[in-house]
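**Student:** Encoded as structure tokens, here's the structure I'll be asking about.
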Amino acid sequence: MATTTAAVTLTSDLLSDNMSVSATTTCMKAGTTADGLDQMEYGYLDLPTGDEYDLIATTPTASKASKLYLKNHSTDETYYVAVTQNAQAIGKLYGGDWMFIPADFHDAAGDIAITANGGTNKICYALFHEGTVLVTT
Amino acid sequence: MATTAIISISSDIAPGFSGISESMTLTQAGTLTDIDSTTGFQIRKLSATGAVDLVTMASELVEPKDSVASKIYIRNIGYKGTVDKSVGVTIGVNAEPIGLLYGGDWMMMPLTCIDADDITVNPATDDTVVIEYVMFYEEA
């Protein structure tokens with residue numbers, strides 16, 4: 001079984017006592033407890049301003065389990081990438097920000113789209129998934 | 001100390017993939033100033049299918065500023081020590097499904113915090129499951 005684990009440590013001093021949360025998960029195929037995700041895409045790209053782009057060109061099929069990591073590696077903190085899913089705004093990733101979500105590619109319109117603001121943004125992404133079948137040319 | 005989030009991903013899917021380890025400091029939009037507000041760490045117990053609000057933006061005691069650098073951490077922690085990785089809870093924004101958090105899974109994503117973009121949770125079954133979450137945002 002392929003094994004993909006994702007861990008996070010979150011700390012904050014905004015509360016009266018310091019908050020620290022740690023979590024680790026093993027990324028499994030949909031509806032299983034014994035079979036891990038076995039496909040992935042990993043990329044680093046320049047994202048120019050002016051247009052919205054689909055981040056994921058090949059959409060995993062619906063009802064599959066997908067995990068998407070996305071980081072804005074821009075060093076200018078005023079630069080940001082607006083992230084949408086199926087035209088619904090999710091939020092903005094400023095320079096240095098990352099996100100990790102269980103992306104639901106429920107149909108062809110469910111792709112994750114990104115738009116650069118401020119200047120050309122540097123983007124790193126990784127999609128861990130299952131079930132993608134290549135399309136013949 | 002501020003608010004920081006560190007992610008580490010390891011995988012043996014692709015030979016040669018050396019993993020991901022990245023840190024971010026949560027700041028206010030377009031600045032290096034630390035983010036200044038939070039909902040605090042909370043849990044929500046769900047015992048039936050059907051989408052309900054996890055965060056209702058218009059009902060926050062401290063109004064979040066719209067369309068800036070807010071973030072939310074959410075985790076499906078199961079119930080009373082039982083974590084079922086085969087079933088999950090669909091997380092949504094403004095009725096758009098973002099993805100399914102199976103037992104033990106966690107996510108962290110940016111938010112718009114505009115009133116229409118409530119965060120919803122919808123369990124796949126009627127089995128009791130607990131969601132833990134914390135939202136960080138800027139005060140309007």
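Simple scheme: letters A, B, ... for chains in structure tokens order, numbers from 1 for residues in each chain, numbers from 1 for ligands in the order shown.
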Would you give me, as JSON lines, each residue of chain A having an atom within 6 Å of an atom of chain B, along with its shortest atom pair and that distance in Å to one decimal, using only C-alpha atoms and sorting by chain and residue number?

**Tutor:**
```
{"residue": "A:Ala2", "atom": "CA", "partner": "B:Ile13", "partner_atom": "CA", "distance": 5.6}
{"residue": "A:Thr3", "atom": "CA", "partner": "B:Ser11", "partner_atom": "CA", "distance": 5.7}
{"residue": "A:Thr4", "atom": "CA", "partner": "B:Ser11", "partner_atom": "CA", "distance": 4.1}
{"residue": "A:Thr5", "atom": "CA", "partner": "B:Ser10", "partner_atom": "CA", "distance": 5.4}
{"residue": "A:Ala6", "atom": "CA", "partner": "B:Ile9", "partner_atom": "CA", "distance": 4.4}
{"residue": "A:Ala7", "atom": "CA", "partner": "B:Ser8", "partner_atom": "CA", "distance": 5.1}
{"residue": "A:Val8", "atom": "CA", "partner": "B:Ile7", "partner_atom": "CA", "distance": 4.5}
{"residue": "A:Thr9", "atom": "CA", "partner": "B:Ile6", "partner_atom": "CA", "distance": 5.2}
{"residue": "A:Leu10", "atom": "CA", "partner": "B:Ala5", "partner_atom": "CA", "distance": 4.5}
{"residue": "A:Thr11", "atom": "CA", "partner": "B:Thr4", "partner_atom": "CA", "distance": 5.4}
{"residue": "A:Ser12", "atom": "CA", "partner": "B:Thr3", "partner_atom": "CA", "distance": 4.1}
{"residue": "A:Asp13", "atom": "CA", "partner": "B:Ala2", "partner_atom": "CA", "distance": 5.8}
{"residue": "A:Thr25", "atom": "CA", "partner": "B:Asp105", "partner_atom": "CA", "distance": 5.4}
{"residue": "A:Gly31", "atom": "CA", "partner": "B:Ser86", "partner_atom": "CA", "distance": 4.0}
{"residue": "A:Thr32", "atom": "CA", "partner": "B:Ser86", "partner_atom": "CA", "distance": 4.8}
{"residue": "A:Thr33", "atom": "CA", "partner": "B:Lys85", "partner_atom": "CA", "distance": 5.6}
{"residue": "A:Asp38", "atom": "CA", "partner": "B:Ile13", "partner_atom": "CA", "distance": 5.7}
{"residue": "A:Glu77", "atom": "CA", "partner": "B:Gly30", "partner_atom": "CA", "distance": 5.2}
{"residue": "A:Thr78", "atom": "CA", "partner": "B:Gly30", "partner_atom": "CA", "distance": 3.9}
{"residue": "A:Ile90", "atom": "CA", "partner": "B:Leu111", "partner_atom": "CA", "distance": 5.5}
{"residue": "A:Gly91", "atom": "CA", "partner": "B:Leu111", "partner_atom": "CA", "distance": 4.3}
{"residue": "A:Lys92", "atom": "CA", "partner": "B:Pro110", "partner_atom": "CA", "distance": 5.9}
{"residue": "A:Gly96", "atom": "CA", "partner": "B:Met24", "partner_atom": "CA", "distance": 6.0}
{"residue": "A:Asp97", "atom": "CA", "partner": "B:Met24", "partner_atom": "CA", "distance": 5.7}
{"residue": "A:Met99", "atom": "CA", "partner": "B:Met109", "partner_atom": "CA", "distance": 4.8}
{"residue": "A:Phe100", "atom": "CA", "partner": "B:Met108", "partner_atom": "CA", "distance": 5.2}
{"residue": "A:Ile101", "atom": "CA", "partner": "B:Met107", "partner_atom": "CA", "distance": 4.9}
{"residue": "A:Pro102", "atom": "CA", "partner": "B:Gly99", "partner_atom": "CA", "distance": 4.6}
{"residue": "A:Ala103", "atom": "CA", "partner": "B:Gly99", "partner_atom": "CA", "distance": 4.7}
{"residue": "A:Asp104", "atom": "CA", "partner": "B:Gly99", "partner_atom": "CA", "distance": 4.3}
```

**Student:** Residues as selected, C-alpha atoms, written as an mmCIF file, in the first residue's frame, can you do that?

**Tutor:**
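The result, written out as result04.cif:
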```cif
data_model
loop_
_atom_site.group_PDB
_atom_site.id
_atom_site.type_symbol
_atom_site.label_atom_id
_atom_site.label_comp_id
_atom_site.auth_asym_id
_atom_site.auth_seq_id
_atom_site.Cartn_x
_atom_site.Cartn_y
_atom_site.Cartn_z
ATOM 1 C CA ALA A 2 1.263 3.429 -0.867
ATOM 2 C CA THR A 3 1.430 5.619 2.206
ATOM 3 C CA THR A 4 0.950 9.366 2.320
ATOM 4 C CA THR A 5 0.826 11.144 5.653
ATOM 5 C CA ALA A 6 0.059 14.786 6.326
ATOM 6 C CA ALA A 7 0.872 16.409 9.650
ATOM 7 C CA VAL A 8 0.211 19.876 10.979
ATOM 8 C CA THR A 9 1.334 21.749 14.049
ATOM 9 C CA LEU A 10 -0.628 24.882 14.820
ATOM 10 C CA THR A 11 0.435 27.281 17.559
ATOM 11 C CA SER A 12 -0.960 30.630 18.624
ATOM 12 C CA ASP A 13 -0.573 33.119 21.431
ATOM 13 C CA THR A 25 -3.477 11.692 9.112
ATOM 14 C CA GLY A 31 -14.368 4.589 1.817
ATOM 15 C CA THR A 32 -11.454 2.361 2.778
ATOM 16 C CA THR A 33 -9.366 1.828 5.864
ATOM 17 C CA ASP A 38 -1.696 5.945 -4.972
ATOM 18 C CA GLU A 77 3.636 39.751 1.240
ATOM 19 C CA THR A 78 1.325 41.974 -0.805
ATOM 20 C CA ILE A 90 -12.538 29.921 -1.062
ATOM 21 C CA GLY A 91 -10.066 32.607 -0.025
ATOM 22 C CA LYS A 92 -6.730 34.265 -0.676
ATOM 23 C CA GLY A 96 4.075 32.514 2.271
ATOM 24 C CA ASP A 97 0.603 31.098 2.905
ATOM 25 C CA MET A 99 -3.529 25.433 2.312
ATOM 26 C CA PHE A 100 -4.349 21.725 2.517
ATOM 27 C CA ILE A 101 -7.843 20.551 1.665
ATOM 28 C CA PRO A 102 -9.708 17.383 0.726
ATOM 29 C CA ALA A 103 -10.593 18.653 -2.740
ATOM 30 C CA ASP A 104 -13.973 17.516 -4.038
#
```

**Student:** Within 7 Å of A:Gly43, counting only C-alpha atoms, which residues show up once you throw out same-chain ones fewer than 2 positions away? Write them as a list of chain:residue names, please.

**Tutor:** A:Glu41, A:Leu45, A:Cys124, A:Tyr125, A:Ala126

**Student:** May I have the selected residues written with C-alpha atoms, as a short mmCIF file (atom, residue, chain, number, x, y, z; two decimals), in the first residue's frame?

**Tutor:**
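File again-v4.cif, as written:
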```
data_model
loop_
_atom_site.label_atom_id
_atom_site.label_comp_id
_atom_site.auth_asym_id
_atom_site.auth_seq_id
_atom_site.Cartn_x
_atom_site.Cartn_y
_atom_site.Cartn_z
CA GLU A 41 0.90 15.39 -9.20
CA LEU A 45 4.90 27.32 -11.55
CA CYS A 124 3.85 25.09 -5.50
CA TYR A 125 1.17 22.43 -5.42
CA ALA A 126 0.76 18.73 -4.80
#
```

**Student:** What is the distance, in Å and to one decimal place, between atom CA of A:Asn72 and atom CA of A:Asn121?

**Tutor:** 6.9 Å

**Student:** Residues of chain A classed as strand (DSSP E or B) by DSSP on the backbone are to be reported as a compact mmCIF listing (two decimals) with C-alpha atoms, in the first residue's frame.

**Tutor:**
```txt
# COMPACT_ATOMS: atom_id res chain seq x y z
CA THR A 4 0.95 9.37 2.32
CA THR A 5 0.83 11.14 5.65
CA ALA A 6 0.06 14.79 6.33
CA ALA A 7 0.87 16.41 9.65
CA VAL A 8 0.21 19.88 10.98
CA THR A 9 1.33 21.75 14.05
CA LEU A 10 -0.63 24.88 14.82
CA THR A 11 0.43 27.28 17.56
CA SER A 12 -0.96 30.63 18.62
CA MET A 19 -2.54 27.07 21.98
CA SER A 20 -0.77 24.16 20.34
CA VAL A 21 -2.49 21.60 18.17
CA SER A 22 -0.87 18.74 16.33
CA ALA A 23 -2.58 16.33 13.97
CA THR A 24 -1.42 13.60 11.62
CA THR A 25 -3.48 11.69 9.11
CA THR A 26 -2.82 8.94 6.62
CA MET A 28 -6.70 6.79 2.30
CA GLY A 36 -3.84 4.51 0.60
CA GLN A 39 -1.42 8.75 -7.52
CA MET A 40 0.04 12.24 -7.30
CA GLU A 41 0.90 15.39 -9.20
CA TYR A 42 3.56 17.80 -7.97
CA GLY A 43 4.41 21.09 -9.55
CA TYR A 44 5.95 24.53 -9.23
CA LEU A 45 4.90 27.32 -11.55
CA ASP A 46 4.78 31.02 -12.24
CA LEU A 47 1.26 32.38 -12.15
CA THR A 49 -1.76 38.18 -13.39
CA GLU A 52 -7.99 32.77 -13.89
CA TYR A 53 -6.38 29.39 -14.44
CA ASP A 54 -7.42 25.86 -13.59
CA LYS A 67 -5.93 15.93 -1.03
CA LEU A 68 -4.58 19.18 -2.39
CA TYR A 69 -1.64 21.12 -1.00
CA LEU A 70 -1.06 24.60 -2.38
CA LYS A 71 1.50 27.18 -1.30
CA ASN A 72 2.17 30.70 -2.50
CA TYR A 80 -1.77 36.94 -3.32
CA VAL A 81 -3.55 34.18 -5.17
CA ALA A 82 -7.34 34.02 -5.08
CA VAL A 83 -8.54 30.42 -4.92
CA THR A 84 -11.95 29.25 -6.13
CA GLN A 85 -13.69 25.92 -6.49
CA GLN A 88 -17.09 29.67 -5.36
CA ALA A 89 -14.45 31.84 -3.73
CA ILE A 90 -12.54 29.92 -1.06
CA GLY A 91 -10.07 32.61 -0.03
CA LYS A 92 -6.73 34.27 -0.68
CA LEU A 93 -3.26 32.86 -0.20
CA TYR A 94 -0.79 35.68 0.39
CA TRP A 98 -0.33 27.46 2.28
CA MET A 99 -3.53 25.43 2.31
CA PHE A 100 -4.35 21.72 2.52
CA ILE A 101 -7.84 20.55 1.66
CA ILE A 112 -9.66 24.41 -8.37
CA ALA A 113 -8.93 27.72 -10.10
CA ILE A 114 -6.39 30.34 -9.10
CA THR A 115 -5.86 33.99 -10.00
CA ALA A 116 -2.70 35.98 -9.29
CA ASN A 117 -2.78 39.49 -7.89
CA ASN A 121 3.10 34.64 -8.08
CA LYS A 122 5.24 31.56 -7.45
CA ILE A 123 3.04 28.56 -6.77
CA CYS A 124 3.85 25.09 -5.50
CA TYR A 125 1.17 22.43 -5.42
CA ALA A 126 0.76 18.73 -4.80
CA LEU A 127 -2.32 16.67 -5.48
CA PHE A 128 -2.57 13.24 -3.87
CA HIS A 129 -5.42 11.25 -5.35
```

**Student:** Would you mind reading off the distance between atom CA of A:Cys27 and atom CA of B:Leu46, one decimal, in Å?

**Tutor:** 22.5 Å
